[in-house]
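**Student:** Mind looking over this structure? Questions follow.
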Amino acid sequence: MAHNDQLKVHYKWMREALNVAESALDVREVPVGCVYVYQGKVIGRGFNRTNITLNGTRHSEFEGYDEIREKYKNFREILKETDLYVTVEPCIMCASLLRQLEIRRVFFGCANIRFGGNGSVLQVHKDLSPNAHDFNVKMERTYPSYPGILCQEAIILLRKFYLLENEKSPSTIVKKQRHLEMESFPKLDYDKYLNRDEFTDMFGKKYGYIYDGNDFIEFSDQGDIVNLQQDTGRKRQRIN
Amino acid sequence: MTIKSADIDYDKYIFYNEFQRIQPSQSMVRPDLEMYWVTSIEPSQSSLIIKLIKQKFQYTTGQTKHLKRFKKKLDVEKHVILDVAICPTSDIDEDKLREILKEGLNVQNISLLKTEIPTNKPFDRELNMEWSKRYWPLVWKGNPMVQELHESFKLFSRDTTMKYLEEISDISEKSTKDVPVVTMFVDPRTDTVKSIQEDERCDEDPMKHSIMCCIDDIAKKELKRRQLVKDDKEINSYLCLNYDVYTTHEPCTMCAMALLHSRIGRLIYIEESPVTGAIGEKSGCRYMIHISCTLNWKYECFRYMGNALPKRRIDPLVQI
Ligand SMILES: [Zn+2]
């Protein structure tokens, strides 16, 4: 498949994950959602259900995994050929779950600065224990993780949730926002998550400057990248 | 309670020769930096800013105990200027803060910059000086590691710990499961067992590690209870807040992080998992998960090093 067609596919599934995430708002759960895609079909989906279940481990990835293992007897084989699209970077716990399940690839929207396990805090998706050699054992295979697909949309959804919750809560302290911020977004440091080759192999050689500039990937409604290169000689810039 | 120094090994962090507190060797300690808003003022404005901080940023006093609020510097004309640490940049956006400062200091021009500040304390006086020079002036009140060890020691009961470790070790010894791992959650305030679970992994679900089973069990029991008493007003969703967790084998990354999400207080394990473990300083990928997200939550960990309990070895490749 050409890069363009591939991208349309990733765009489509991330939209689907965002739809799942949005339904969490109705039940006052943090809107993080995911879809698991196997051979061009969604085989599992879920959103975060930590409040309803009183269980801080019921993240969307676990919800989707439970659906898959209940539906397919050979789920272990299936998962090895399955891609996950999740609106927020998997936390360290879920990153380890996905590693143990030997997922094929992960695509995520925005970074999980506090708990991220695909690069923000730890790189659970690709670390190997230096002790494995001493015991002559081979660890589960690593998986690649691609950030930034519909990143801003994922953040806006989270902001919507906190705004709604703030309106419902009586306390008003300085640190709480009162309007939906749509203009400023924290930049993604791509090199925390993947190297430049991994990025250009996935998104196309001509988009290397997005990686270099830590720009957001901008999509048309058809799922084509529409970023314009602003100046070729631009140095990497970091905000914060 | 008096602390007998023979009961604590300060170099290896061992209590009663048998319980090693898992924490980084001192030489490894690095600053956990957080971005703060810093404003520059004239010395004459210092009482105004102190008042303003008291009014609007009182909540930061807990997290800034180890910091000095003010940092003296000289401007180009050798005038003394004071830099003031206000609050983490993630708490408030720039425009809003400017407004607050303009109003509080009664001036039009506010200088505002972002500065990285250590959220943890260094262990010795020299490092304290180094961090103070490099990042932000820090208060020195003696070695915080000694203080931390003493705090931890006061809350550590050898008898209670051994009682629970013997119980799970017993169950593990008699277990016929493929992976004979046993975990117990205890509420230390009431000294009651909240859940005991064995590893339940099977073909239908290979991820039922014993810790995940305990968290699930506690949540389900509480849901049931709330339905029975029709009590849905309860707000606390951290059911395992500050619980003690006893487990026979050092947990994997998933389970160690599940404990962090559940906000437990302490983890005590018997056997190390050298390849898959996520707690020990030299285990697995060296994650030390219990202190990996310290801005949000951390828990204490101990490893039992004595010989009084039988140990069941498990294939090193198995995720516990
Ligand atoms: Zn585990």
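Residues in the structure tokens are numbered from 1 in each chain, the chains being A, B, ... in the order shown, and ligands are numbered from 1 in the order shown.
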Could you list, as a list in words, every residue within 12 Å of Val107 (chain B), counting only C-alpha atoms and ignoring same-chain residues fewer than 2 positions away?

**Tutor:**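 The contact residues come out as Ile41, Glu42, Gln45, Leu48, Ile49, Arg98, Glu99, Ile100, Leu101, Lys102, Glu103, Gly104, Leu105, Asn109, Ile110 and Ser111 of chain B.
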
**Student:** Using all heavy atoms, can you write the selected residues to a file as a tab-separated table (two decimals), in the first residue's frame?

**Tutor:**
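The result, stored in result_14.tsv:
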chain	number	residue	atom	x	y	z
B	41	ILE	N	11.26	40.59	41.04
B	41	ILE	CA	10.71	41.78	41.71
B	41	ILE	C	11.83	42.60	42.36
B	41	ILE	O	12.95	42.12	42.54
B	41	ILE	CB	9.69	41.39	42.80
B	41	ILE	CG1	10.35	40.50	43.87
B	41	ILE	CG2	8.48	40.69	42.24
B	41	ILE	CD1	9.57	40.42	45.17
B	42	GLU	N	11.49	43.81	42.72
B	42	GLU	CA	12.39	44.65	43.53
B	42	GLU	C	12.28	44.16	44.97
B	42	GLU	O	11.21	43.75	45.40
B	42	GLU	CB	11.91	46.11	43.50
B	42	GLU	CG	11.88	46.75	42.13
B	42	GLU	CD	13.27	47.19	41.70
B	42	GLU	OE1	14.16	47.35	42.58
B	42	GLU	OE2	13.48	47.35	40.48
B	45	GLN	N	9.32	45.02	47.04
B	45	GLN	CA	8.00	44.42	46.79
B	45	GLN	C	7.82	43.08	47.51
B	45	GLN	O	6.78	42.43	47.37
B	45	GLN	CB	7.81	44.18	45.28
B	45	GLN	CG	7.75	45.46	44.47
B	45	GLN	CD	7.77	45.15	42.98
B	45	GLN	OE1	8.69	44.48	42.50
B	45	GLN	NE2	6.77	45.62	42.26
B	48	LEU	N	4.71	42.42	49.58
B	48	LEU	CA	3.52	42.29	48.75
B	48	LEU	C	3.40	40.89	48.15
B	48	LEU	O	2.33	40.28	48.13
B	48	LEU	CB	3.55	43.32	47.60
B	48	LEU	CG	3.12	44.74	47.92
B	48	LEU	CD1	3.23	45.62	46.69
B	48	LEU	CD2	1.67	44.75	48.44
B	49	ILE	N	4.54	40.38	47.66
B	49	ILE	CA	4.48	39.08	47.00
B	49	ILE	C	4.21	37.97	48.01
B	49	ILE	O	3.50	37.01	47.73
B	49	ILE	CB	5.75	38.80	46.16
B	49	ILE	CG1	5.51	37.67	45.15
B	49	ILE	CG2	6.93	38.38	47.02
B	49	ILE	CD1	5.15	38.12	43.80
B	98	ARG	N	-0.20	36.63	34.97
B	98	ARG	CA	0.19	38.04	34.81
B	98	ARG	C	-0.83	38.99	35.45
B	98	ARG	O	-0.48	39.94	36.12
B	98	ARG	CB	0.32	38.40	33.33
B	98	ARG	CG	1.69	38.12	32.78
B	98	ARG	CD	1.82	38.58	31.33
B	98	ARG	NE	2.98	37.94	30.74
B	98	ARG	CZ	4.24	38.33	30.96
B	98	ARG	NH1	4.48	39.38	31.71
B	98	ARG	NH2	5.25	37.67	30.42
B	99	GLU	N	-2.09	38.67	35.19
B	99	GLU	CA	-3.15	39.52	35.75
B	99	GLU	C	-3.10	39.53	37.27
B	99	GLU	O	-3.17	40.59	37.91
B	99	GLU	CB	-4.52	39.01	35.30
B	99	GLU	CG	-5.06	39.78	34.11
B	99	GLU	CD	-6.27	39.07	33.54
B	99	GLU	OE1	-7.18	38.74	34.35
B	99	GLU	OE2	-6.30	38.85	32.32
B	100	ILE	N	-2.97	38.32	37.84
B	100	ILE	CA	-2.92	38.22	39.30
B	100	ILE	C	-1.74	39.00	39.86
B	100	ILE	O	-1.86	39.73	40.85
B	100	ILE	CB	-2.82	36.73	39.72
B	100	ILE	CG1	-4.13	36.01	39.38
B	100	ILE	CG2	-2.52	36.60	41.21
B	100	ILE	CD1	-4.09	34.53	39.62
B	101	LEU	N	-0.58	38.88	39.19
B	101	LEU	CA	0.62	39.56	39.68
B	101	LEU	C	0.51	41.08	39.54
B	101	LEU	O	0.89	41.83	40.43
B	101	LEU	CB	1.86	39.06	38.93
B	101	LEU	CG	2.30	37.62	39.26
B	101	LEU	CD1	3.40	37.17	38.32
B	101	LEU	CD2	2.77	37.51	40.70
B	102	LYS	N	-0.06	41.52	38.38
B	102	LYS	CA	-0.25	42.96	38.16
B	102	LYS	C	-1.07	43.55	39.28
B	102	LYS	O	-0.76	44.60	39.84
B	102	LYS	CB	-0.97	43.19	36.83
B	102	LYS	CG	-0.04	43.37	35.66
B	102	LYS	CD	-0.85	43.72	34.42
B	102	LYS	CE	-0.06	43.44	33.16
B	102	LYS	NZ	-0.90	43.53	31.97
B	103	GLU	N	-2.15	42.86	39.58
B	103	GLU	CA	-3.07	43.36	40.60
B	103	GLU	C	-2.41	43.34	41.98
B	103	GLU	O	-2.44	44.32	42.72
B	103	GLU	CB	-4.31	42.48	40.60
B	103	GLU	CG	-5.51	43.15	41.21
B	103	GLU	CD	-6.72	42.23	41.14
B	103	GLU	OE1	-7.07	41.79	40.02
B	103	GLU	OE2	-7.27	41.92	42.22
B	104	GLY	N	-1.76	42.21	42.30
B	104	GLY	CA	-1.19	42.03	43.64
B	104	GLY	C	0.00	42.96	43.91
B	104	GLY	O	0.19	43.42	45.02
B	105	LEU	N	0.82	43.17	42.86
B	105	LEU	CA	2.02	43.98	43.05
B	105	LEU	C	1.78	45.44	42.69
B	105	LEU	O	2.63	46.30	42.91
B	105	LEU	CB	3.18	43.45	42.20
B	105	LEU	CG	3.65	42.03	42.53
B	105	LEU	CD1	4.71	41.57	41.55
B	105	LEU	CD2	4.20	41.98	43.95
B	109	ASN	N	4.29	46.31	34.46
B	109	ASN	CA	5.19	45.36	33.79
B	109	ASN	C	5.58	44.21	34.72
B	109	ASN	O	6.15	44.43	35.77
B	109	ASN	CB	6.45	46.06	33.30
B	109	ASN	CG	6.13	46.92	32.10
B	109	ASN	OD1	5.26	46.59	31.29
B	109	ASN	ND2	6.82	48.05	32.00
B	110	ILE	N	5.26	43.03	34.25
B	110	ILE	CA	5.59	41.85	35.05
B	110	ILE	C	6.60	41.03	34.26
B	110	ILE	O	6.37	40.74	33.08
B	110	ILE	CB	4.32	40.99	35.25
B	110	ILE	CG1	3.27	41.72	36.07
B	110	ILE	CG2	4.67	39.66	35.90
B	110	ILE	CD1	3.67	42.00	37.50
B	111	SER	N	7.73	40.67	34.88
B	111	SER	CA	8.63	39.77	34.18
B	111	SER	C	8.34	38.36	34.68
B	111	SER	O	8.26	38.11	35.87
B	111	SER	CB	10.09	40.16	34.44
B	111	SER	OG	10.63	39.35	35.45

**Student:** List every residue of chain A that has an atom at most 6 Å from any atom of chain B, giving for each one its closest atom pair and the distance in Å to one decimal, counting only C-alpha atoms, sorted by chain and then by ascending residue number, as a tab-separated table.

**Tutor:**
residue	atom	partner	partner_atom	distance
A:Leu54	CA	B:Ala219	CA	5.4
A:Asn55	CA	B:Ala219	CA	5.6
A:Gly56	CA	B:Ser262	CA	5.6
A:Thr57	CA	B:Ala258	CA	5.9
A:Met93	CA	B:Met254	CA	4.1
A:Ser96	CA	B:Met254	CA	5.1
A:Ser129	CA	B:Cys285	CA	4.5
A:Asn131	CA	B:Val275	CA	5.6
A:Ala132	CA	B:Val275	CA	5.6
A:Lys175	CA	B:Asp91	CA	4.9

**Student:** Quick one: distance from CA of Phe161 (chain A) to CA of Met14 (chain A) in Å, one decimal?

**Tutor:**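 CA of Phe161 (chain A) sits 19.0 Å away from CA of Met14 (chain A).
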
**Student:** Met145 (chain B): which residues within 7 Å, counting only C-alpha atoms, same-chain residues fewer than 3 positions away excluded, as a PyMOL selection string?

**Tutor:** chain B and resi 123+148-149

**Student:** Using only C-alpha atoms, determine which residues lie at most 12 Å from region 26-29 of chain A, disregarding the query and same-chain residues fewer than 2 positions distant; provide the list as a ChimeraX atom specification.

**Tutor:** /A:20-24,31-33,46-54,56,58-60,157-158,160-166,168

**Student:** Based on the selection just made, write C-alpha atoms of those residues as a compact mmCIF listing (two decimals), in the first residue's frame.

**Tutor:**
# COMPACT_ATOMS: atom_id res chain seq x y z
CA VAL A 20 -15.50 5.43 21.28
CA ALA A 21 -13.70 7.84 23.62
CA GLU A 22 -16.42 10.45 23.24
CA SER A 23 -19.09 8.05 24.47
CA ALA A 24 -17.25 7.97 27.83
CA PRO A 31 -12.63 10.07 27.58
CA VAL A 32 -9.85 7.77 26.41
CA GLY A 33 -10.89 5.24 23.79
CA GLY A 46 -13.32 0.12 24.79
CA PHE A 47 -13.18 3.27 26.80
CA ASN A 48 -11.78 3.97 30.21
CA ARG A 49 -14.16 2.67 32.95
CA THR A 50 -12.24 3.31 36.16
CA ASN A 51 -15.07 5.18 37.92
CA ILE A 52 -17.95 2.85 37.11
CA THR A 53 -15.94 -0.23 38.08
CA LEU A 54 -14.18 1.37 41.10
CA GLY A 56 -8.16 2.04 38.63
CA ARG A 58 -9.88 -0.62 33.87
CA HIS A 59 -8.29 1.43 31.11
CA SER A 60 -9.65 1.26 27.55
CA LEU A 157 -11.81 15.66 24.34
CA LEU A 158 -9.92 15.41 27.64
CA LYS A 160 -13.96 18.94 27.56
CA PHE A 161 -14.23 16.33 30.28
CA TYR A 162 -12.33 18.33 32.90
CA LEU A 163 -14.34 21.42 32.03
CA LEU A 164 -17.61 19.52 32.50
CA GLU A 165 -16.42 18.06 35.79
CA ASN A 166 -15.27 21.48 37.03
CA LYS A 168 -20.25 20.21 38.38

**Student:** Would you list the contacts of Pro186 (chain A) as JSON, numbers by chain, taking every protein, DNA or RNA residue within 12 Å and counting only C-alpha atoms, but skipping same-chain residues closer than 4 positions in sequence?

**Tutor:** {"A": [110, 111, 112, 113, 148, 151, 152, 155, 156, 181, 182, 214, 215, 216, 238, 239, 240], "B": [90]}

**Student:** Using CA of Thr200 (chain A) and CA of Asp212 (chain A) as the two end points, give the distance in Å to one decimal.

**Tutor:**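 Those two atoms sit 10.8 Å apart.
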
**Student:** Tell me which of A:Ile210, A:Leu79, A:Leu122, A:Leu128 sits closest to Ile92 (chain A), counting only C-alpha atoms.

**Tutor:**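 Ranking A:Ile210, A:Leu79, A:Leu122, A:Leu128 by distance to Ile92 (chain A), first place goes to A:Leu122.
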
**Student:** If we count only C-alpha atoms, what is near region 246-250 of chain B at a cut-off of 9 Å, once residues fewer than 4 positions away on the same chain are taken out, given as a PyMOL selection string?

**Tutor:** chain B and resi 161+164-165+168-169+172+180-186+210-211+256+266-274+276-280+303+311-312+314+320

**Student:** I need the residues of region 16-178 of chain A that end up classed as alpha helix (DSSP H) by DSSP on the backbone, written out as a PyMOL selection string.

**Tutor:** chain A and resi 16-22+50-53+60-71+75-79+92-100+151-168

**Student:** Give me, as JSON, numbers by chain, the residues of region 77-165 of chain B that a backbone DSSP run labels strand (DSSP E or B).

**Tutor:** {"B": [80, 81, 82, 83, 84, 85, 86, 87, 88, 111, 112, 113, 114, 115, 116, 117, 118, 138]}

**Student:** Would you save the residues from that selection as a PDB file, in the first residue's frame, using C-alpha atoms?

**Tutor:**
ATOM      1  CA  VAL B  80      19.622  43.454  43.793  1.00  0.00           C
ATOM      2  CA  ILE B  81      16.648  41.731  42.168  1.00  0.00           C
ATOM      3  CA  LEU B  82      14.662  38.893  43.691  1.00  0.00           C
ATOM      4  CA  ASP B  83      13.429  35.944  41.650  1.00  0.00           C
ATOM      5  CA  VAL B  84      10.329  34.422  43.208  1.00  0.00           C
ATOM      6  CA  ALA B  85       9.078  30.863  42.593  1.00  0.00           C
ATOM      7  CA  ILE B  86       5.282  31.037  42.260  1.00  0.00           C
ATOM      8  CA  CYS B  87       3.814  27.664  41.262  1.00  0.00           C
ATOM      9  CA  PRO B  88       4.177  24.861  38.676  1.00  0.00           C
ATOM     10  CA  SER B 111       8.633  39.768  34.178  1.00  0.00           C
ATOM     11  CA  LEU B 112       7.737  36.124  34.047  1.00  0.00           C
ATOM     12  CA  LEU B 113       9.922  33.186  33.137  1.00  0.00           C
ATOM     13  CA  LYS B 114       9.884  29.424  33.347  1.00  0.00           C
ATOM     14  CA  THR B 115      12.492  27.674  35.472  1.00  0.00           C
ATOM     15  CA  GLU B 116      13.137  24.028  36.220  1.00  0.00           C
ATOM     16  CA  ILE B 117      13.027  23.319  39.950  1.00  0.00           C
ATOM     17  CA  PRO B 118      13.813  20.013  41.752  1.00  0.00           C
ATOM     18  CA  LEU B 138      17.182  24.592  48.396  1.00  0.00           C
TER      19      LEU B 138
END

**Student:** Interatomic distance between CA of Glu89 (chain A) and CA of Cys213 (chain B)?

**Tutor:** 24.5 Å

**Student:** Considering only C-alpha atoms and all ligand atoms, state which residue in the set B:Glu130, B:Glu151, B:Glu200, B:Asp32 is at the smallest distance from ligand 1.

**Tutor:** B:Glu200
